[in-house]
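Visitor: First, the structure itself, so that you have it in front of you.
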Amino acid sequence: MAEPLFERLALIGVGLIGSSIARIARARGDIARTVVANARTTKTLTRIAELEIADVCEIDPVRAVEGADCVVLCAPVGAYASLAAAIGPHLAPGAIITDVGSTKQSVIRDVGPHVPQGVHFVPGHPMAGTEFSGPDAGFPELFEGRWCLLTPPVGTDLAAVQRIKTFWERCGASVSIMDPVHHDRVVAIVSHLPHLIAFTICGTADDLADETRKEVLQFAASGFRDFTRIAASDPVMWRDVFLNNREALLEMLARFTEDAQAMARAVRWGDASYIEDRVMRGRKIRQALIDINQA
């Protein structure tokens with residue numbers, strides 16, 4: 001077995017992503033010699049200890065990062081600025097700080113100024129998840145066959161980037177390097193907008209008259225059930241994502257709104273060829289995802 005990449009891996013936040021990393025690290029042995037878990041509440045830390053997915057549990061993030069050669073921020077992105085301000089002065093020289101947030105410009109804005117000289121900052125985004133949250137939600141196979149996007153700022157130490165790349169590969173992911181601005185536009189359409197639509201359509205259904213709402217739930221077809229699965233996601237996490245990627249998300253929402261209005265006009269005026277073309281394009285995208293094992 002290869003030597004561990006890190007001596008001490010500190011996970012700041014141990015929900016779905018953090019607890020999956022912890023499980024993988026404990027199972028493999030070549031990621032970290034010691035796994036430290038930090039959570040906001042003693043209840044969560046107690047559960048982490050019961051699950052035996054970390055070697056050390058710390059409620060104070062400052063104590064969690066002391067002596068760590070890799071720190072992974074796994075909290076909602078809205079908490080990053082305060083967390084970075086708290087732990088920044090206590091990061092060990094030569095350590096790497098990375099994250100799992102699905103917005104990258106905001107992460108660089110909020111974390112970057114608090115990273116001390118001699119500490120390496122490699123933002124990351126594993127494109128994996130479920131609708132579940134909390135330490136019980138994680139599982140070792142979460143990242144297998146998925147992508148992790150790294151968005152290191154200009155001038156980042158290349159050896160640090162390579163170590164984080166290897167870290168994610170050992171977690172089972174494929175890794176790509178991407179410009180943070182481009183990253184935020186890409187995930188706005190493939191992740192953030194679908195979630196916004198799912199939350200909205202479920203809200204629309206919930207606002208219907210009581211009798212109609214009951215029938216919507218009783219006779220929900222697979223399409224609506226898919227929306228409800230997405231809409232079951234963590235509300236704090238997605239609130240922070242929407243607010244921290246607002247420009248790219250609003251741009252994609254505007255484009256989607258124009259396309260939805262065009263489809264509405266086609267339905268209104270019986271433009272069968274336009275409707276069929278849009279359905280066929282959707283089928284092609286679905287088949288393309290299947291062909292590259294992303295569906």
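Please note that chains go A, B, ... in the order of the structure tokens, that every chain numbers its residues from 1, and that ligands are numbered from 1 in the order shown.
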Using DSSP on the backbone, list every residue of range 11-186 of chain A that comes out as helix (DSSP H, G or I), and give them as a ChimeraX atom specification.
Guide: /A:16-28,42-51,61-65,77-90,105-114,135-137,158-170,180-186
Visitor: List every residue of range 138-254 of chain A that has an atom at most 9 Å from any atom of range 26-31 of chain A, and for each one report the closest atom pair and its distance in Å to one decimal, counting only C-alpha atoms, with rows sorted by chain and then by increasing residue number, as a Markdown table.
Guide:
| residue | atom | partner | partner_atom | distance |
| --- | --- | --- | --- | --- |
| A:Pro140 | CA | A:Ala27 | CA | 8.2 |
| A:Phe167 | CA | A:Ile31 | CA | 6.6 |
| A:Arg170 | CA | A:Ile31 | CA | 7.3 |
| A:Cys171 | CA | A:Ile31 | CA | 8.4 |
Visitor: Pick the closest to Pro126 in chain A from A:Glu66, A:Asp110, A:Asp99, A:Glu7: which is it, counting only C-alpha atoms?
Guide: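 Looking only at the distances to Pro126 in chain A, the closest residue turns out to be A:Asp99.
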Visitor: For the contact check between range 37-130 of chain A and range 218-238 of chain A, emit one row per residue of range 37-130 of chain A within 8 Å, containing the shortest atom pair and the distance in Å rounded to one decimal, counting only C-alpha atoms, chain then rising number order, as CSV.
Guide:
residue,atom,partner,partner_atom,distance
A:Pro76,CA,A:Met237,CA,4.9
A:Val77,CA,A:Met237,CA,7.2
A:Gly78,CA,A:Met237,CA,7.9
A:Thr130,CA,A:Ser233,CA,7.5
Visitor: Find the residues near Ala64 in chain A: any atom within 9 Å, counting only C-alpha atoms, skip ones fewer than 5 places away on the same chain, and give them as a list in words.
Guide: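 Those residues are Ala10, Leu11, Ile12, Val36, Ala37, Asn38, Val56, Cys57, Glu58, Ile59, Val71 and Ile87 of chain A.
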Visitor: Write the selection just made, keeping N, CA, C and O atoms, as a compact mmCIF listing (two decimals), in the first residue's frame?
Guide:
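What ended up in out.txt:
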# COMPACT_ATOMS: atom_id res chain seq x y z
N ALA A 10 -7.72 17.30 8.24
CA ALA A 10 -8.78 17.92 9.04
C ALA A 10 -9.99 18.21 8.15
O ALA A 10 -9.87 18.91 7.14
N LEU A 11 -11.13 17.68 8.53
CA LEU A 11 -12.37 17.89 7.79
C LEU A 11 -13.23 18.87 8.59
O LEU A 11 -13.70 18.55 9.69
N ILE A 12 -13.44 20.06 8.03
CA ILE A 12 -14.23 21.09 8.70
C ILE A 12 -15.65 21.00 8.18
O ILE A 12 -16.01 21.55 7.14
N VAL A 36 -9.15 14.01 11.33
CA VAL A 36 -9.75 14.86 12.35
C VAL A 36 -11.08 15.39 11.83
O VAL A 36 -11.15 15.93 10.71
N ALA A 37 -12.14 15.26 12.61
CA ALA A 37 -13.46 15.74 12.22
C ALA A 37 -13.86 16.92 13.09
O ALA A 37 -13.72 16.88 14.32
N ASN A 38 -14.36 17.97 12.44
CA ASN A 38 -14.88 19.13 13.16
C ASN A 38 -16.34 19.34 12.77
O ASN A 38 -16.70 19.25 11.59
N VAL A 56 -10.05 11.63 15.51
CA VAL A 56 -10.15 12.72 16.48
C VAL A 56 -11.38 13.55 16.16
O VAL A 56 -11.64 13.84 14.98
N CYS A 57 -12.14 13.94 17.16
CA CYS A 57 -13.30 14.81 16.98
C CYS A 57 -13.07 16.11 17.75
O CYS A 57 -12.75 16.06 18.94
N GLU A 58 -13.24 17.23 17.08
CA GLU A 58 -13.01 18.54 17.70
C GLU A 58 -14.18 19.47 17.37
O GLU A 58 -14.56 19.60 16.21
N ILE A 59 -14.74 20.11 18.39
CA ILE A 59 -15.81 21.07 18.14
C ILE A 59 -15.25 22.45 17.79
O ILE A 59 -15.93 23.27 17.17
N VAL A 71 -6.32 20.57 5.08
CA VAL A 71 -7.59 21.00 5.67
C VAL A 71 -8.61 21.08 4.55
O VAL A 71 -8.37 21.73 3.53
N ILE A 87 -9.49 30.07 11.30
CA ILE A 87 -8.44 29.04 11.24
C ILE A 87 -7.17 29.52 10.55
O ILE A 87 -6.10 28.94 10.76
Visitor: Closest to Leu5 in chain A among A:Asp259, A:Asp206, A:Asp240, A:Glu169, using only C-alpha atoms?
Guide: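 Of the candidates, the smallest distance to Leu5 in chain A is held by A:Glu169.
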Visitor: Kindly indicate which residue among A:Cys70, A:Ala260, A:Ile177, A:Ala288 lies nearest to Ile275 in chain A, using only C-alpha atoms for the distances.
Guide: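 Comparing A:Cys70, A:Ala260, A:Ile177, A:Ala288 against Ile275 in chain A, the winner is A:Ala260.
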Visitor: If you measure from CA of Leu51 in chain A to CA of Gly145 in chain A, what distance in Å do you get, rounded to one decimal?
Guide: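 Computing it gives 25.3 Å between the two atoms.
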